[in-house]
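A.B. asks: Sharing input_26.txt below, compact mmCIF, C-alpha atoms:
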```
# COMPACT_ATOMS: atom_id res chain seq x y z
CA MET A 26 82.34 19.26 -2.62
CA SER A 27 81.76 18.01 0.92
CA ASN A 28 79.77 21.16 1.73
CA LEU A 29 77.54 20.60 -1.30
CA PHE A 30 77.01 16.99 -0.26
CA LEU A 31 76.16 17.84 3.35
CA ALA A 32 73.77 20.59 2.28
CA GLY A 33 72.15 18.25 -0.23
CA MET A 34 71.71 15.53 2.40
CA ALA A 35 70.04 18.01 4.72
CA ARG A 36 67.63 18.95 1.93
CA LEU A 37 67.00 15.33 0.98
CA LYS A 38 65.96 14.42 4.52
CA LYS A 39 63.25 17.10 4.40
CA ASP A 40 62.28 16.69 0.73
CA LYS A 41 58.54 15.93 0.61
CA ILE A 42 58.63 14.72 -3.00
CA PHE A 43 61.32 12.17 -2.15
CA TRP A 44 59.36 10.81 0.81
CA CYS A 45 56.14 10.71 -1.22
CA LEU A 46 57.85 8.73 -3.98
CA LEU A 47 59.37 6.42 -1.38
CA ALA A 48 55.91 5.87 0.09
CA VAL A 49 54.51 5.09 -3.37
CA MET A 50 57.24 2.50 -4.01
CA THR A 51 56.58 0.92 -0.61
CA ALA A 52 52.83 0.81 -1.21
CA SER A 53 53.42 -0.68 -4.67
CA ALA A 54 55.53 -3.49 -3.21
CA LEU A 55 52.86 -4.29 -0.62
CA PHE A 56 50.06 -4.20 -3.18
CA LEU A 57 51.88 -6.38 -5.72
CA VAL A 58 52.90 -9.02 -3.18
CA ILE A 59 49.42 -9.20 -1.65
CA SER A 60 47.77 -9.35 -5.09
CA ARG A 61 50.11 -12.11 -6.22
CA GLN A 62 49.48 -14.04 -3.01
CA ASP A 63 45.70 -13.75 -3.48
CA SER A 64 46.02 -14.99 -7.07
CA LEU A 65 48.15 -17.95 -5.94
CA GLY A 66 45.56 -18.80 -3.29
CA ARG A 67 42.75 -18.89 -5.87
CA THR A 68 44.86 -21.07 -8.18
CA GLU A 69 45.67 -23.48 -5.33
CA ARG A 70 41.97 -23.88 -4.54
CA ILE A 71 41.24 -24.66 -8.20
CA ILE A 72 44.04 -27.27 -8.23
CA GLU A 73 42.80 -28.89 -5.01
CA GLU A 74 39.24 -29.04 -6.36
CA GLY A 75 40.49 -30.51 -9.63
CA ILE A 76 42.50 -33.19 -7.85
CA ARG A 77 39.48 -34.05 -5.70
CA THR A 78 37.20 -34.42 -8.73
CA GLY A 79 39.82 -36.09 -10.95
CA ALA A 80 39.97 -33.23 -13.47
CA ASP A 81 43.07 -32.27 -15.47
CA VAL A 82 44.81 -29.48 -13.55
CA SER A 83 48.11 -29.39 -15.46
CA PHE A 84 47.30 -25.97 -16.93
CA TYR A 85 46.63 -24.44 -13.51
CA THR A 86 49.69 -26.15 -12.05
CA GLN A 87 51.84 -24.51 -14.70
CA ILE A 88 50.25 -21.13 -13.95
CA TRP A 89 50.96 -21.60 -10.22
CA GLU A 90 54.61 -22.48 -10.86
CA GLU A 91 55.10 -19.46 -13.10
CA SER A 92 53.29 -17.10 -10.73
CA SER A 93 55.17 -18.32 -7.66
CA ALA A 94 58.51 -17.23 -9.15
CA SER A 95 59.95 -14.01 -7.73
CA ASP A 96 61.56 -12.78 -10.98
CA GLY A 97 58.88 -10.47 -12.31
CA LEU A 98 57.80 -9.22 -8.89
CA PHE A 99 61.32 -8.53 -7.60
CA PHE A 100 62.45 -6.54 -10.65
CA MET A 101 59.14 -4.84 -11.44
CA TRP A 102 60.36 -1.57 -9.92
CA ALA A 103 62.71 -1.20 -12.88
CA SER A 104 59.77 -0.39 -15.17
CA VAL A 105 58.80 2.76 -13.20
CA ILE A 106 62.02 3.97 -11.59
CA GLY A 107 62.78 6.23 -14.56
CA GLN A 108 59.58 8.20 -14.01
CA ALA A 109 60.21 8.37 -10.26
CA VAL A 110 63.74 9.72 -10.74
CA ALA A 111 62.47 12.22 -13.33
CA VAL A 112 59.87 13.61 -10.92
CA PHE A 113 62.36 13.79 -8.07
CA GLY A 114 65.09 15.44 -10.15
CA ALA A 115 62.76 18.01 -11.68
CA PHE A 116 61.55 19.21 -8.28
CA TYR A 117 64.82 18.80 -6.38
CA ILE A 118 67.07 20.52 -8.91
CA GLY A 119 64.34 22.86 -10.16
CA ALA A 120 64.04 24.26 -6.65
CA ASP A 121 67.65 25.45 -6.89
CA TYR A 122 66.69 27.57 -9.89
CA SER A 123 63.45 28.81 -8.35
CA TYR A 124 65.15 29.99 -5.16
CA GLY A 125 68.36 31.19 -6.81
CA THR A 126 70.42 28.57 -4.97
CA ILE A 127 72.59 27.71 -7.96
CA ARG A 128 73.73 31.31 -8.37
CA ASN A 129 74.45 31.50 -4.66
CA LYS A 130 76.56 28.33 -4.88
CA ILE A 131 78.60 29.84 -7.71
CA ILE A 132 79.01 33.12 -5.82
CA ALA A 133 80.18 31.10 -2.80
CA GLY A 134 82.99 29.70 -4.95
CA HIS A 135 81.70 26.28 -5.96
CA ARG A 136 82.68 25.19 -9.46
CA ARG A 137 79.96 24.43 -11.97
CA ASN A 138 81.14 20.90 -12.63
CA ARG A 139 80.88 20.14 -8.90
CA ILE A 140 77.40 21.63 -8.72
CA TYR A 141 76.37 19.56 -11.71
CA PHE A 142 77.92 16.41 -10.25
CA SER A 143 76.21 16.93 -6.90
CA GLY A 144 72.82 17.00 -8.65
CA PHE A 145 73.68 13.75 -10.40
CA VAL A 146 74.72 12.14 -7.11
CA PHE A 147 71.43 12.99 -5.40
CA CYS A 148 69.36 11.80 -8.36
CA CYS A 149 71.28 8.52 -8.13
CA MET A 150 70.80 8.30 -4.38
CA ALA A 151 67.07 8.92 -4.63
CA GLY A 152 66.55 6.35 -7.38
CA LEU A 153 68.74 3.67 -5.78
CA THR A 154 67.12 4.22 -2.38
CA MET A 155 63.63 3.80 -3.82
CA GLY A 156 64.66 0.65 -5.67
CA THR A 157 66.43 -0.78 -2.62
CA ILE A 158 63.46 -0.16 -0.32
CA TYR A 159 61.15 -1.85 -2.82
CA MET A 160 63.39 -4.92 -3.18
CA ALA A 161 64.03 -5.17 0.57
CA LEU A 162 60.30 -5.12 1.32
CA VAL A 163 59.55 -7.70 -1.39
CA THR A 164 62.33 -9.92 -0.02
CA VAL A 165 60.99 -9.76 3.55
CA LEU A 166 57.42 -10.48 2.41
CA GLU A 167 58.54 -13.33 0.14
CA ILE A 168 60.49 -14.93 2.98
CA PHE A 169 57.49 -14.60 5.29
CA LEU A 170 54.85 -15.79 2.78
CA MET A 171 56.77 -18.13 0.45
CA GLY A 172 59.74 -19.18 2.55
CA GLY A 173 62.22 -17.28 0.39
CA LEU A 174 62.86 -15.83 -3.05
CA GLN A 175 62.39 -18.27 -5.92
CA PHE A 176 64.08 -17.16 -9.13
CA HIS A 177 63.56 -18.98 -12.41
CA THR A 178 66.39 -17.05 -14.03
CA ALA A 179 69.93 -18.31 -13.55
CA VAL A 180 71.39 -14.79 -13.26
CA PRO A 181 69.41 -12.84 -10.61
CA LEU A 182 72.51 -11.00 -9.37
CA LEU A 183 73.37 -9.91 -12.92
CA LEU A 184 69.81 -8.63 -13.43
CA LEU A 185 70.07 -6.76 -10.13
CA TRP A 186 73.31 -5.12 -11.27
CA ASP A 187 71.63 -4.21 -14.59
CA CYS A 188 68.75 -2.57 -12.69
CA LEU A 189 71.09 -0.52 -10.52
CA MET A 190 73.17 0.68 -13.47
CA MET A 191 70.02 1.47 -15.44
CA THR A 192 68.86 3.66 -12.53
CA VAL A 193 72.17 5.52 -12.65
CA ALA A 194 71.65 6.10 -16.39
CA PHE A 195 68.16 7.48 -15.72
CA ALA A 196 69.68 9.77 -13.08
CA ALA A 197 72.21 11.09 -15.62
CA VAL A 198 69.46 11.88 -18.13
CA THR A 199 67.23 13.50 -15.49
CA ASN A 200 70.09 15.56 -14.06
CA MET A 201 71.09 16.85 -17.49
CA ILE A 202 67.56 17.95 -18.38
CA SER A 203 66.86 19.47 -14.96
CA MET A 204 70.19 21.34 -14.85
CA LEU A 205 69.79 22.81 -18.33
CA ILE A 206 66.09 23.73 -18.10
CA PRO A 207 65.39 26.16 -15.24
CA GLY A 208 62.24 25.85 -13.18
CA ARG A 209 60.45 22.88 -11.66
CA SER A 210 57.43 22.93 -13.97
CA TYR A 211 59.35 23.14 -17.24
CA GLY A 212 61.90 20.60 -16.05
CA LEU A 213 59.18 18.16 -15.02
CA ILE A 214 57.34 18.51 -18.33
CA VAL A 215 60.47 17.99 -20.42
CA ASN A 216 61.68 15.10 -18.26
CA LEU A 217 58.40 13.22 -18.53
CA ALA A 218 58.01 14.07 -22.23
CA VAL A 219 61.48 12.72 -23.05
CA LEU A 220 60.81 9.56 -21.04
CA ALA A 221 57.44 9.06 -22.71
CA LEU A 222 59.01 9.45 -26.16
CA LEU A 223 61.85 7.04 -25.39
CA MET A 224 59.43 4.57 -23.81
CA PHE A 225 57.22 4.71 -26.91
CA VAL A 226 60.17 4.16 -29.26
CA ALA A 227 61.48 1.27 -27.15
CA GLY A 228 58.00 -0.26 -26.86
CA VAL A 229 57.43 -0.18 -30.63
CA MET A 230 60.83 -1.76 -31.27
CA ILE A 231 60.28 -4.49 -28.67
CA GLU A 232 56.86 -5.27 -30.11
CA SER A 233 58.43 -5.58 -33.57
CA LEU A 234 61.19 -7.85 -32.23
CA ASN A 235 58.64 -10.06 -30.45
CA ALA A 236 56.46 -10.48 -33.53
CA PRO A 237 56.18 -14.16 -34.60
CA GLU A 238 58.07 -15.27 -37.69
CA TYR A 239 55.06 -17.22 -38.96
CA ILE A 240 51.36 -16.44 -38.52
CA LYS A 241 48.24 -18.54 -38.98
CA THR A 242 46.23 -17.44 -42.02
CA GLY A 243 43.64 -20.19 -42.21
CA LEU A 244 42.69 -23.81 -41.55
CA ILE A 245 42.62 -26.96 -43.66
CA SER A 246 40.33 -29.86 -42.80
CA SER A 247 41.74 -33.36 -43.29
CA GLU A 248 41.08 -36.90 -42.13
CA GLU A 249 43.49 -36.34 -39.24
CA GLY A 250 41.69 -33.18 -38.14
CA THR A 251 42.11 -29.45 -38.65
CA ILE A 252 45.56 -28.28 -39.76
CA PRO A 253 46.50 -24.57 -39.50
CA ILE A 254 47.91 -22.79 -42.56
CA MET A 255 51.10 -20.97 -41.54
CA GLU A 256 52.65 -18.19 -43.63
CA ARG A 257 55.65 -16.00 -43.04
CA ASN A 258 54.82 -12.80 -41.18
CA PRO A 259 55.51 -9.82 -43.49
CA GLY A 260 56.15 -7.68 -40.42
CA TYR A 261 58.87 -9.97 -39.05
CA ILE A 262 62.21 -8.13 -38.86
CA THR A 263 65.33 -9.92 -40.03
CA GLY A 264 68.96 -9.20 -40.86
CA ILE A 265 70.76 -6.00 -40.00
CA LEU A 266 67.56 -4.16 -39.10
CA ARG A 267 66.82 -6.69 -36.36
CA THR A 268 70.33 -6.27 -35.00
CA VAL A 269 69.92 -2.48 -35.01
CA PHE A 270 66.54 -2.69 -33.23
CA ARG A 271 67.92 -5.06 -30.60
CA THR A 272 70.97 -2.86 -29.98
CA VAL A 273 68.91 0.33 -29.69
CA VAL A 274 66.48 -1.33 -27.27
CA ASP A 275 69.37 -2.55 -25.13
CA ILE A 276 71.07 0.86 -25.12
CA LEU A 277 68.00 2.96 -24.28
CA PRO A 278 67.35 3.04 -20.51
CA CYS A 279 63.63 2.85 -21.29
CA GLY A 280 64.21 -0.27 -23.38
CA GLN A 281 66.11 -1.80 -20.48
CA ALA A 282 63.30 -0.81 -18.11
CA ILE A 283 60.70 -2.68 -20.16
CA GLN A 284 62.89 -5.79 -20.37
CA LEU A 285 64.03 -5.81 -16.73
CA GLY A 286 60.55 -5.00 -15.45
CA SER A 287 59.33 -8.25 -16.99
CA GLY A 288 62.40 -10.12 -15.70
CA GLY A 289 63.46 -11.39 -19.10
CA PRO A 290 66.10 -9.38 -21.02
CA GLU A 291 67.69 -11.18 -23.96
CA ASN A 292 71.22 -9.87 -23.31
CA PRO A 293 71.53 -9.29 -19.54
CA ASP A 294 75.33 -9.39 -19.69
CA ARG A 295 75.46 -6.31 -21.94
CA LEU A 296 72.85 -4.04 -20.35
CA TRP A 297 75.01 -2.69 -17.53
CA ILE A 298 77.78 -1.87 -20.01
CA TYR A 299 75.35 0.11 -22.16
CA SER A 300 74.06 1.88 -19.05
CA ALA A 301 77.59 2.85 -18.03
CA ALA A 302 78.27 4.18 -21.53
CA VAL A 303 75.01 6.18 -21.60
CA THR A 304 75.80 7.60 -18.15
CA MET A 305 79.28 8.77 -19.15
CA VAL A 306 78.17 10.28 -22.46
CA VAL A 307 75.09 12.05 -21.07
CA HIS A 308 76.88 13.26 -17.94
CA GLY A 309 79.84 14.56 -19.94
CA ALA A 310 77.64 16.35 -22.48
CA GLY A 311 75.39 17.80 -19.79
CA CYS A 312 78.31 19.02 -17.69
CA ALA A 313 79.92 20.70 -20.71
CA ALA A 314 76.64 22.43 -21.60
CA PHE A 315 76.06 23.52 -17.99
CA ARG A 316 79.50 25.16 -17.82
CA ARG A 317 78.51 27.36 -20.79
CA LYS A 318 74.95 28.02 -19.61
CA ASN A 319 74.00 31.63 -18.88
CA LEU A 320 72.47 31.56 -15.41
CA LYS A 321 70.07 34.47 -15.04
```
Rewrite the coordinates I just gave you, this time as structure tokens.
C.D. replies:
Amino acid sequence: MSNLFLAGMARLKKDKIFWCLLAVMTASALFLVISRQDSLGRTERIIEEGIRTGADVSFYTQIWEESSASDGLFFMWASVIGQAVAVFGAFYIGADYSYGTIRNKIIAGHRRNRIYFSGFVFCCMAGLTMGTIYMALVTVLEIFLMGGLQFHTAVPLLLLWDCLMMTVAFAAVTNMISMLIPGRSYGLIVNLAVLALLMFVAGVMIESLNAPEYIKTGLISSEEGTIPIMERNPGYITGILRTVFRTVVDILPCGQAIQLGSGGPENPDRLWIYSAAVTMVVHGAGCAAFRRKNLK
């Protein structure tokens, strides 16, 4: 196992896809922080002008307070880390098939479960490294520009743990697909297609869960002014179906990614448990299938 790890580390240091993805995450952190800072500057100028002229600036003050929080910015990497890990895993593991490395590893006496596990480890390392670099850069820039991280949520460390475990779950899914589908091109297509499908399903469910219970259908004029007519939303989900939707969204790594990327999951204390369960189930199933796979 140590030989597989050392050989994998040597490959990882020279892997162009990994360094390109790392550069993209770094550039994204810089762009998001600078964009947020520019937006805050414009809002501050509007507030100062409003105070000078005596105008009501409460709306802009609220916007500034919400925008100055670090929650959404710090955890935004969670919304794209699944795609990054999928691209890395497809090329990194797919190269083993393209160059016949997996067969050579088996001929050299390495067990299939160790080969499979080593792929999972490097998918995890790549994803966690990209996420860590992003968060470290955001932290440094926030300290320099804002004087420190300002979280509105009361559980930033729990959300961080959720993000890390979600990345591990993405690595398990990516490793399974890449190990069972030979070739970089096919592996990449299937990885991204599966992620897109899961992201679509999670997005539809979250949109349904966020639908308002009552909607405005009209207006009534009275002596006191205009009163809105509110009726129950026929698309509002209740009962057992709502519980099922919420549970599925929390279990799916893509559902977690959408929630954590916005910094506001409803059940942050459960997400890491679901991620651990998904990781164990997917890794176990993938490893069992890989042991029976006919390597040509």
A.B. asks: Residues within 10 Å of segment 282-294 of chain A, please, as a PyMOL selection string. Count only C-alpha atoms; anything in the same chain fewer than 2 positions from it doesn't count.
C.D. replies: chain A and resi 95-107+176-178+180-181+183-188+191-192+195+224+227-228+231+271-272+274-275+277-280+296-299
A.B. asks: Selected residues, C-alpha atoms, written as a CSV table (one decimal), keeping the file's coordinate frame, please.
C.D. replies:
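Produced file part05.csv, reproduced below:
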```csv
chain,number,residue,atom,x,y,z
A,95,SER,CA,60.0,-14.0,-7.7
A,96,ASP,CA,61.6,-12.8,-11.0
A,97,GLY,CA,58.9,-10.5,-12.3
A,98,LEU,CA,57.8,-9.2,-8.9
A,99,PHE,CA,61.3,-8.5,-7.6
A,100,PHE,CA,62.4,-6.5,-10.6
A,101,MET,CA,59.1,-4.8,-11.4
A,102,TRP,CA,60.4,-1.6,-9.9
A,103,ALA,CA,62.7,-1.2,-12.9
A,104,SER,CA,59.8,-0.4,-15.2
A,105,VAL,CA,58.8,2.8,-13.2
A,106,ILE,CA,62.0,4.0,-11.6
A,107,GLY,CA,62.8,6.2,-14.6
A,176,PHE,CA,64.1,-17.2,-9.1
A,177,HIS,CA,63.6,-19.0,-12.4
A,178,THR,CA,66.4,-17.0,-14.0
A,180,VAL,CA,71.4,-14.8,-13.3
A,181,PRO,CA,69.4,-12.8,-10.6
A,183,LEU,CA,73.4,-9.9,-12.9
A,184,LEU,CA,69.8,-8.6,-13.4
A,185,LEU,CA,70.1,-6.8,-10.1
A,186,TRP,CA,73.3,-5.1,-11.3
A,187,ASP,CA,71.6,-4.2,-14.6
A,188,CYS,CA,68.8,-2.6,-12.7
A,191,MET,CA,70.0,1.5,-15.4
A,192,THR,CA,68.9,3.7,-12.5
A,195,PHE,CA,68.2,7.5,-15.7
A,224,MET,CA,59.4,4.6,-23.8
A,227,ALA,CA,61.5,1.3,-27.2
A,228,GLY,CA,58.0,-0.3,-26.9
A,231,ILE,CA,60.3,-4.5,-28.7
A,271,ARG,CA,67.9,-5.1,-30.6
A,272,THR,CA,71.0,-2.9,-30.0
A,274,VAL,CA,66.5,-1.3,-27.3
A,275,ASP,CA,69.4,-2.6,-25.1
A,277,LEU,CA,68.0,3.0,-24.3
A,278,PRO,CA,67.4,3.0,-20.5
A,279,CYS,CA,63.6,2.8,-21.3
A,280,GLY,CA,64.2,-0.3,-23.4
A,296,LEU,CA,72.8,-4.0,-20.4
A,297,TRP,CA,75.0,-2.7,-17.5
A,298,ILE,CA,77.8,-1.9,-20.0
A,299,TYR,CA,75.4,0.1,-22.2
```
A.B. asks: Quick one: of A:Gly125, A:Gly119, A:Gly156, A:Gly260, who's nearest to Ala236 of chain A, counting all atoms listed in the file?
C.D. replies: A:Gly260
A.B. asks: One decimal, in Å: what's the spacing between atom CA of Ala54 of chain A and atom CA of Val163 of chain A?
C.D. replies: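 One can read the atom CA of Ala54 of chain A to atom CA of Val163 of chain A distance as 6.1 Å.
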A.B. asks: Counting only C-alpha atoms, figure out which residue out of A:Thr51, A:Ser64, A:Asn138, A:Ser123 gets nearest to Arg316 of chain A.
C.D. replies: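 For Arg316 of chain A, the nearest of the given residues is A:Asn138.
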A.B. asks: Could you please determine the separation between atom CA of Tyr124 of chain A and atom CA of Ala218 of chain A in Å, to one decimal place?
C.D. replies: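 Separation between atom CA of Tyr124 of chain A and atom CA of Ala218 of chain A: 24.4 Å.
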A.B. asks: Ranking A:Ile262, A:Ile168, A:Val193, A:Val146 by minimum distance to Ile118 of chain A and counting all atoms listed in the file, which one comes first?
C.D. replies: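 The closest residue to Ile118 of chain A is A:Val146.
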A.B. asks: Of the candidates A:Ile265, A:Ala133, A:Leu153, A:Val110, which shows the shortest atom-to-atom distance to Ser203 of chain A, using all atoms listed in the file?
C.D. replies: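 Counting all atoms listed in the file, the residue closest to Ser203 of chain A is A:Val110.
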A.B. asks: For Leu320 of chain A, which residue out of A:Tyr122, A:Phe225, A:Phe147, A:Phe113 is the nearest one, using all atoms listed in the file?
C.D. replies: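 Nearest candidate to Leu320 of chain A out of A:Tyr122, A:Phe225, A:Phe147, A:Phe113: A:Tyr122.
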A.B. asks: Select, from A:Phe169, A:Phe43, A:Tyr117, A:Phe270, the residue with the minimum atom-to-atom distance to Val58 of chain A, counting only C-alpha atoms.
C.D. replies: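 Among the listed residues, A:Phe169 lies closest to Val58 of chain A.
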A.B. asks: Box along x, y and z, 5 Å on every side, all listed atoms of segment 218-222 of chain A inside: centre and edge lengths in Å to one decimal, as JSON.
C.D. replies:
```
{"center_x": 59.5, "center_y": 11.6, "center_z": -23.6, "size_x": 14.0, "size_y": 15.0, "size_z": 15.1}
```
A.B. asks: Please measure the separation of atom CA of Cys148 of chain A and atom CA of Gly114 of chain A, giving the value in Å to one decimal.
C.D. replies: 5.9 Å
A.B. asks: Near Ala109 of chain A, within 12 Å and counting only C-alpha atoms, which residues show up once chain neighbours fewer than 6 positions away are dropped, as JSON, numbers by chain?
C.D. replies: {"A": [42, 43, 44, 45, 46, 47, 48, 49, 50, 102, 103, 115, 116, 148, 149, 151, 152, 153, 154, 155, 156, 192, 195, 196, 199, 213, 216, 217, 220]}
